[in-house]
file target01.cif (mmCIF, N, CA and C atoms)
data_my_file
loop_
_atom_site.label_atom_id
_atom_site.label_comp_id
_atom_site.auth_asym_id
_atom_site.auth_seq_id
_atom_site.Cartn_x
_atom_site.Cartn_y
_atom_site.Cartn_z
N MET H 1 209.49 -55.86 -108.96
CA MET H 1 210.85 -55.95 -109.42
C MET H 1 211.77 -55.04 -108.62
N LYS H 2 211.37 -54.63 -107.44
CA LYS H 2 212.20 -53.78 -106.60
C LYS H 2 213.43 -54.53 -106.09
N ASN H 3 213.28 -55.83 -105.86
CA ASN H 3 214.35 -56.61 -105.25
C ASN H 3 215.24 -57.31 -106.27
N ILE H 4 215.32 -56.81 -107.46
CA ILE H 4 216.11 -57.45 -108.52
C ILE H 4 217.59 -57.48 -108.14
N LYS H 5 218.04 -56.53 -107.35
CA LYS H 5 219.44 -56.49 -106.93
C LYS H 5 219.75 -57.60 -105.92
N ASN H 6 218.73 -58.07 -105.22
CA ASN H 6 218.94 -59.08 -104.18
C ASN H 6 218.84 -60.51 -104.72
N VAL H 7 218.61 -60.68 -106.00
CA VAL H 7 218.49 -62.01 -106.59
C VAL H 7 219.88 -62.66 -106.63
N SER H 8 219.95 -63.90 -106.17
CA SER H 8 221.25 -64.58 -106.10
C SER H 8 221.72 -65.02 -107.48
N THR H 9 223.01 -65.26 -107.55
CA THR H 9 223.62 -65.71 -108.80
C THR H 9 223.05 -67.06 -109.21
N GLY H 10 222.84 -67.94 -108.23
CA GLY H 10 222.26 -69.25 -108.51
C GLY H 10 220.89 -69.15 -109.16
N THR H 11 220.09 -68.20 -108.71
CA THR H 11 218.76 -68.00 -109.29
C THR H 11 218.88 -67.57 -110.74
N TRP H 12 219.82 -66.66 -111.04
CA TRP H 12 220.01 -66.22 -112.41
C TRP H 12 220.46 -67.37 -113.30
N ILE H 13 221.37 -68.19 -112.79
CA ILE H 13 221.87 -69.33 -113.59
C ILE H 13 220.74 -70.32 -113.86
N ARG H 14 219.95 -70.64 -112.84
CA ARG H 14 218.84 -71.59 -113.03
C ARG H 14 217.82 -71.03 -114.01
N THR H 15 217.54 -69.74 -113.92
CA THR H 15 216.59 -69.11 -114.83
C THR H 15 217.10 -69.16 -116.27
N ALA H 16 218.38 -68.87 -116.45
CA ALA H 16 218.97 -68.92 -117.80
C ALA H 16 218.93 -70.33 -118.36
N LEU H 17 219.20 -71.33 -117.52
CA LEU H 17 219.17 -72.71 -117.99
C LEU H 17 217.76 -73.14 -118.38
N VAL H 18 216.76 -72.71 -117.61
CA VAL H 18 215.38 -73.03 -117.96
C VAL H 18 215.00 -72.38 -119.29
N LEU H 19 215.38 -71.12 -119.46
CA LEU H 19 215.09 -70.45 -120.73
C LEU H 19 215.79 -71.13 -121.90
N LEU H 20 217.05 -71.50 -121.72
CA LEU H 20 217.79 -72.21 -122.76
C LEU H 20 217.12 -73.54 -123.09
N ALA H 21 216.68 -74.26 -122.07
CA ALA H 21 216.00 -75.54 -122.30
C ALA H 21 214.70 -75.34 -123.06
N LEU H 22 213.94 -74.29 -122.72
CA LEU H 22 212.69 -74.02 -123.42
C LEU H 22 212.93 -73.65 -124.90
N VAL H 23 213.92 -72.82 -125.15
CA VAL H 23 214.25 -72.45 -126.53
C VAL H 23 214.69 -73.69 -127.30
N ASN H 24 215.54 -74.49 -126.69
CA ASN H 24 216.01 -75.71 -127.34
C ASN H 24 214.84 -76.65 -127.66
N GLN H 25 213.92 -76.80 -126.70
CA GLN H 25 212.76 -77.67 -126.92
C GLN H 25 211.91 -77.16 -128.07
N GLY H 26 211.72 -75.84 -128.12
CA GLY H 26 210.95 -75.26 -129.22
C GLY H 26 211.61 -75.51 -130.57
N LEU H 27 212.94 -75.38 -130.62
CA LEU H 27 213.65 -75.63 -131.88
C LEU H 27 213.59 -77.11 -132.27
N VAL H 28 213.66 -77.99 -131.30
CA VAL H 28 213.56 -79.43 -131.59
C VAL H 28 212.18 -79.74 -132.15
N LEU H 29 211.14 -79.16 -131.57
CA LEU H 29 209.78 -79.36 -132.07
C LEU H 29 209.64 -78.83 -133.50
N ALA H 30 210.39 -77.79 -133.82
CA ALA H 30 210.35 -77.22 -135.17
C ALA H 30 211.22 -77.99 -136.15
N GLY H 31 211.92 -79.01 -135.66
CA GLY H 31 212.72 -79.85 -136.53
C GLY H 31 214.14 -79.36 -136.73
N LYS H 32 214.59 -78.44 -135.92
CA LYS H 32 215.96 -77.92 -136.04
C LYS H 32 216.79 -78.41 -134.86
N SER H 33 217.89 -79.07 -135.15
CA SER H 33 218.76 -79.60 -134.10
C SER H 33 219.81 -78.56 -133.74
N VAL H 34 219.71 -78.03 -132.54
CA VAL H 34 220.64 -77.01 -132.07
C VAL H 34 221.93 -77.65 -131.59
N LEU H 35 221.80 -78.74 -130.89
CA LEU H 35 222.96 -79.44 -130.33
C LEU H 35 223.19 -80.74 -131.10
N PRO H 36 224.19 -80.76 -131.95
CA PRO H 36 224.44 -81.98 -132.73
C PRO H 36 225.12 -83.05 -131.88
N ILE H 37 224.30 -83.83 -131.16
CA ILE H 37 224.81 -84.88 -130.28
C ILE H 37 224.29 -86.22 -130.76
N SER H 38 225.19 -87.18 -130.91
CA SER H 38 224.75 -88.52 -131.34
C SER H 38 224.23 -89.29 -130.13
N ASP H 39 223.52 -90.39 -130.40
CA ASP H 39 222.99 -91.22 -129.32
C ASP H 39 224.12 -91.79 -128.47
N GLU H 40 225.23 -92.14 -129.10
CA GLU H 40 226.36 -92.70 -128.36
C GLU H 40 226.97 -91.65 -127.42
N ASP H 41 227.09 -90.43 -127.89
CA ASP H 41 227.61 -89.34 -127.05
C ASP H 41 226.68 -89.09 -125.86
N LEU H 42 225.39 -89.11 -126.13
CA LEU H 42 224.41 -88.89 -125.07
C LEU H 42 224.48 -90.00 -124.03
N THR H 43 224.58 -91.24 -124.48
CA THR H 43 224.68 -92.38 -123.56
C THR H 43 225.93 -92.26 -122.70
N ASN H 44 227.05 -91.93 -123.31
CA ASN H 44 228.29 -91.77 -122.55
C ASN H 44 228.19 -90.64 -121.54
N ALA H 45 227.61 -89.53 -121.94
CA ALA H 45 227.47 -88.39 -121.03
C ALA H 45 226.58 -88.74 -119.83
N LEU H 46 225.46 -89.41 -120.10
CA LEU H 46 224.56 -89.81 -119.01
C LEU H 46 225.22 -90.82 -118.07
N THR H 47 226.00 -91.74 -118.63
CA THR H 47 226.70 -92.73 -117.81
C THR H 47 227.73 -92.05 -116.92
N ILE H 48 228.48 -91.11 -117.47
CA ILE H 48 229.46 -90.37 -116.67
C ILE H 48 228.77 -89.55 -115.58
N ALA H 49 227.68 -88.89 -115.92
CA ALA H 49 226.94 -88.09 -114.94
C ALA H 49 226.39 -88.97 -113.82
N PHE H 50 225.80 -90.11 -114.19
CA PHE H 50 225.24 -91.02 -113.18
C PHE H 50 226.34 -91.54 -112.26
N THR H 51 227.45 -91.95 -112.82
CA THR H 51 228.55 -92.48 -112.03
C THR H 51 229.11 -91.40 -111.10
N SER H 52 229.27 -90.19 -111.62
CA SER H 52 229.81 -89.10 -110.81
C SER H 52 228.88 -88.75 -109.65
N VAL H 53 227.60 -88.60 -109.94
CA VAL H 53 226.63 -88.25 -108.89
C VAL H 53 226.54 -89.37 -107.86
N SER H 54 226.50 -90.61 -108.30
CA SER H 54 226.44 -91.75 -107.37
C SER H 54 227.66 -91.79 -106.46
N THR H 55 228.82 -91.55 -107.03
CA THR H 55 230.06 -91.57 -106.24
C THR H 55 230.06 -90.45 -105.20
N ILE H 56 229.69 -89.26 -105.62
CA ILE H 56 229.67 -88.13 -104.69
C ILE H 56 228.67 -88.36 -103.57
N LEU H 57 227.48 -88.83 -103.90
CA LEU H 57 226.47 -89.08 -102.88
C LEU H 57 226.88 -90.19 -101.93
N ALA H 58 227.50 -91.23 -102.44
CA ALA H 58 227.92 -92.34 -101.60
C ALA H 58 228.97 -91.90 -100.58
N TRP H 59 229.89 -91.06 -100.99
CA TRP H 59 230.95 -90.63 -100.09
C TRP H 59 230.60 -89.39 -99.31
N TRP H 60 229.52 -88.71 -99.66
CA TRP H 60 229.09 -87.55 -98.88
C TRP H 60 228.55 -88.00 -97.54
N LYS H 61 227.88 -89.12 -97.53
CA LYS H 61 227.36 -89.66 -96.28
C LYS H 61 228.52 -90.11 -95.41
N ASN H 62 228.26 -90.20 -94.12
CA ASN H 62 229.29 -90.58 -93.17
C ASN H 62 229.50 -92.09 -93.24
N ASN H 63 230.60 -92.52 -93.85
CA ASN H 63 230.92 -93.93 -93.97
C ASN H 63 231.92 -94.30 -92.87
N ASN H 64 231.47 -95.09 -91.92
CA ASN H 64 232.27 -95.40 -90.74
C ASN H 64 232.98 -96.74 -90.93
N PHE H 65 234.24 -96.67 -91.32
CA PHE H 65 235.03 -97.88 -91.50
C PHE H 65 235.92 -98.17 -90.29
N THR H 66 236.42 -97.15 -89.64
CA THR H 66 237.34 -97.37 -88.51
C THR H 66 236.56 -97.59 -87.22
N THR H 67 237.21 -98.21 -86.26
CA THR H 67 236.58 -98.49 -84.96
C THR H 67 236.21 -97.18 -84.26
N SER H 68 237.10 -96.21 -84.28
CA SER H 68 236.80 -94.95 -83.60
C SER H 68 235.63 -94.21 -84.26
N SER H 69 235.54 -94.26 -85.57
CA SER H 69 234.42 -93.59 -86.23
C SER H 69 233.10 -94.31 -85.94
N GLN H 70 233.15 -95.64 -85.82
CA GLN H 70 231.95 -96.40 -85.48
C GLN H 70 231.49 -96.08 -84.05
N GLU H 71 232.46 -95.96 -83.13
CA GLU H 71 232.12 -95.61 -81.75
C GLU H 71 231.55 -94.20 -81.68
N SER H 72 232.13 -93.30 -82.47
CA SER H 72 231.62 -91.93 -82.50
C SER H 72 230.19 -91.89 -83.04
N GLN H 73 229.92 -92.71 -84.04
CA GLN H 73 228.57 -92.77 -84.59
C GLN H 73 227.58 -93.31 -83.56
N GLU H 74 227.98 -94.32 -82.79
CA GLU H 74 227.11 -94.84 -81.74
C GLU H 74 226.82 -93.77 -80.70
N TYR H 75 227.86 -93.01 -80.33
CA TYR H 75 227.68 -91.93 -79.36
C TYR H 75 226.71 -90.87 -79.91
N LEU H 76 226.90 -90.49 -81.17
CA LEU H 76 226.04 -89.50 -81.80
C LEU H 76 224.59 -89.99 -81.87
N THR H 77 224.41 -91.24 -82.21
CA THR H 77 223.06 -91.81 -82.28
C THR H 77 222.39 -91.78 -80.90
N ALA H 78 223.16 -92.16 -79.87
CA ALA H 78 222.62 -92.13 -78.50
C ALA H 78 222.30 -90.71 -78.07
N LEU H 79 223.14 -89.77 -78.43
CA LEU H 79 222.92 -88.37 -78.07
C LEU H 79 221.65 -87.84 -78.74
N LYS H 80 221.46 -88.17 -80.01
CA LYS H 80 220.25 -87.75 -80.72
C LYS H 80 219.01 -88.37 -80.10
N ALA H 81 219.10 -89.66 -79.72
CA ALA H 81 217.96 -90.34 -79.09
C ALA H 81 217.64 -89.69 -77.75
N SER H 82 218.68 -89.31 -77.01
CA SER H 82 218.48 -88.66 -75.73
C SER H 82 217.75 -87.33 -75.89
N LYS H 83 218.17 -86.55 -76.88
CA LYS H 83 217.52 -85.26 -77.14
C LYS H 83 216.06 -85.46 -77.56
N LYS H 84 215.82 -86.51 -78.35
CA LYS H 84 214.46 -86.81 -78.78
C LYS H 84 213.60 -87.18 -77.58
N ASN H 85 214.16 -88.00 -76.66
CA ASN H 85 213.42 -88.40 -75.47
C ASN H 85 213.16 -87.21 -74.56
N GLN H 86 214.11 -86.28 -74.47
CA GLN H 86 213.90 -85.08 -73.66
C GLN H 86 212.76 -84.24 -74.23
N ALA H 87 212.73 -84.14 -75.54
CA ALA H 87 211.65 -83.38 -76.19
C ALA H 87 210.30 -84.04 -75.93
N LYS H 88 210.27 -85.37 -76.01
CA LYS H 88 209.02 -86.09 -75.74
C LYS H 88 208.58 -85.90 -74.29
N ALA H 89 209.55 -85.92 -73.37
CA ALA H 89 209.24 -85.74 -71.96
C ALA H 89 208.68 -84.34 -71.70
N LYS H 90 209.27 -83.32 -72.32
CA LYS H 90 208.76 -81.96 -72.16
C LYS H 90 207.35 -81.85 -72.70
N LYS H 91 207.09 -82.49 -73.84
CA LYS H 91 205.76 -82.45 -74.43
C LYS H 91 204.76 -83.14 -73.51
N ALA H 92 205.15 -84.28 -72.96
CA ALA H 92 204.26 -85.02 -72.06
C ALA H 92 203.98 -84.20 -70.80
N GLN H 93 205.00 -83.50 -70.28
CA GLN H 93 204.79 -82.67 -69.10
C GLN H 93 203.83 -81.53 -69.40
N ALA H 94 203.97 -80.93 -70.57
CA ALA H 94 203.07 -79.84 -70.96
C ALA H 94 201.63 -80.36 -71.09
N GLU H 95 201.47 -81.54 -71.68
CA GLU H 95 200.13 -82.12 -71.82
C GLU H 95 199.54 -82.46 -70.46
N LEU H 96 200.37 -82.99 -69.56
CA LEU H 96 199.90 -83.31 -68.22
C LEU H 96 199.47 -82.05 -67.48
N LYS H 97 200.26 -80.99 -67.61
CA LYS H 97 199.91 -79.72 -66.96
C LYS H 97 198.59 -79.19 -67.50
N ALA H 98 198.38 -79.28 -68.81
CA ALA H 98 197.13 -78.83 -69.41
C ALA H 98 195.95 -79.65 -68.91
N LEU H 99 196.16 -80.96 -68.79
CA LEU H 99 195.10 -81.82 -68.27
C LEU H 99 194.78 -81.50 -66.81
N GLN H 100 195.81 -81.22 -66.03
CA GLN H 100 195.60 -80.85 -64.63
C GLN H 100 194.82 -79.54 -64.52
N GLN H 101 195.16 -78.58 -65.37
CA GLN H 101 194.44 -77.31 -65.36
C GLN H 101 192.97 -77.52 -65.75
N MET H 102 192.76 -78.41 -66.72
CA MET H 102 191.38 -78.70 -67.12
C MET H 102 190.63 -79.40 -66.00
N ALA H 103 191.32 -80.30 -65.32
CA ALA H 103 190.68 -81.02 -64.22
C ALA H 103 190.33 -80.09 -63.08
N GLU H 104 191.18 -79.11 -62.83
CA GLU H 104 190.90 -78.15 -61.76
C GLU H 104 189.71 -77.26 -62.13
N ALA H 105 189.56 -76.95 -63.38
CA ALA H 105 188.46 -76.09 -63.83
C ALA H 105 187.17 -76.85 -63.99
N THR H 106 187.22 -78.13 -64.23
CA THR H 106 186.03 -78.92 -64.55
C THR H 106 185.05 -79.07 -63.38
N PRO H 107 185.45 -79.34 -62.14
CA PRO H 107 184.45 -79.58 -61.09
C PRO H 107 183.48 -78.41 -60.90
N SER H 108 183.96 -77.19 -60.87
CA SER H 108 183.05 -76.06 -60.67
C SER H 108 182.11 -75.91 -61.86
N GLU H 109 182.61 -76.13 -63.06
CA GLU H 109 181.76 -76.04 -64.23
C GLU H 109 180.71 -77.15 -64.22
N THR H 110 181.13 -78.33 -63.78
CA THR H 110 180.19 -79.46 -63.71
C THR H 110 179.10 -79.17 -62.70
N LEU H 111 179.48 -78.62 -61.55
CA LEU H 111 178.48 -78.30 -60.52
C LEU H 111 177.49 -77.26 -61.04
N LYS H 112 177.97 -76.24 -61.74
CA LYS H 112 177.08 -75.23 -62.29
C LYS H 112 176.10 -75.85 -63.27
N THR H 113 176.61 -76.71 -64.14
CA THR H 113 175.78 -77.33 -65.16
C THR H 113 174.73 -78.22 -64.50
N GLU H 114 175.13 -79.00 -63.48
CA GLU H 114 174.18 -79.88 -62.81
C GLU H 114 173.12 -79.08 -62.06
N SER H 115 173.54 -77.98 -61.42
CA SER H 115 172.55 -77.17 -60.69
C SER H 115 171.61 -76.47 -61.66
N GLU H 116 172.10 -76.03 -62.81
CA GLU H 116 171.23 -75.41 -63.81
C GLU H 116 170.23 -76.42 -64.34
N GLU H 117 170.67 -77.67 -64.56
CA GLU H 117 169.76 -78.70 -65.06
C GLU H 117 168.67 -79.00 -64.04
N SER H 118 169.07 -79.06 -62.76
CA SER H 118 168.05 -79.34 -61.74
C SER H 118 167.06 -78.19 -61.62
N GLU H 119 167.53 -76.93 -61.78
CA GLU H 119 166.62 -75.79 -61.74
C GLU H 119 165.65 -75.84 -62.92
N ASN H 120 166.16 -76.23 -64.08
CA ASN H 120 165.32 -76.31 -65.27
C ASN H 120 164.25 -77.38 -65.09
N LYS H 121 164.59 -78.50 -64.42
CA LYS H 121 163.61 -79.55 -64.20
C LYS H 121 162.52 -79.07 -63.24
N ILE H 122 162.94 -78.32 -62.23
CA ILE H 122 161.98 -77.81 -61.25
C ILE H 122 161.05 -76.80 -61.92
N VAL H 123 161.59 -75.91 -62.71
CA VAL H 123 160.81 -74.89 -63.37
C VAL H 123 159.92 -75.50 -64.45
N GLY H 124 160.49 -76.45 -65.20
CA GLY H 124 159.82 -77.04 -66.32
C GLY H 124 158.82 -78.02 -65.93
#

call {"tool": "encode", "arguments": {"input": "target01.cif", "output": "structure tokens"}}
result
Amino acid sequence: MKNIKNVSTGTWIRTALVLLALVNQGLVLAGKSVLPISDEDLTNALTIAFTSVSTILAWWKNNNFTTSSQESQEYLTALKASKKNQAKAKKAQAELKALQQMAEATPSETLKTESEESENKIVG
């Protein structure tokens, strides 16, 4: 608990809400209604919440209606693809370099192994 001062406000709010939900659930199980809400009120509240969240999410994304915004989106998509291809090319170059290093090291190791096997056959 040394870092209690560094806890964010959001963490405190989420913790309080979880505790409130747990207390409320316990009271409901005990048969005591803490929040006098009718089914109709609950339905209306959920409908408003769903509509609000859907609207915010739909407009949070980049909706390209104008020609210039569509062209900008195409440019951005091409730029992202280019960066992705550059990353793939760098990875392929690194893999090729590793394979070349392995190939350079392999002949001498192969010769040693073959000569050891032939010595073992002669001795054995």

call {"tool": "atom_distance", "arguments": {"input": "target01.cif", "atom1": "CA of Ser33 (chain H)", "atom2": "atom N of Thr47 (chain H)"}}
result
21.0 Å

call {"tool": "atom_distance", "arguments": {"input": "target01.cif", "atom1": "atom N of Asp41 (chain H)", "atom2": "atom C of Ile13 (chain H)"}}
result
25.3 Å

call {"tool": "select_by_dssp", "arguments": {"input": "target01.cif", "residues": "region 17-62 of chain H", "states": "helix (DSSP H, G or I)", "output": "number ranges by chain"}}
result
H: 17-29, 39-60

call {"tool": "atom_distance", "arguments": {"input": "target01.cif", "atom1": "atom C of Lys80 (chain H)", "atom2": "CA of Ala58 (chain H)"}}
result
23.6 Å
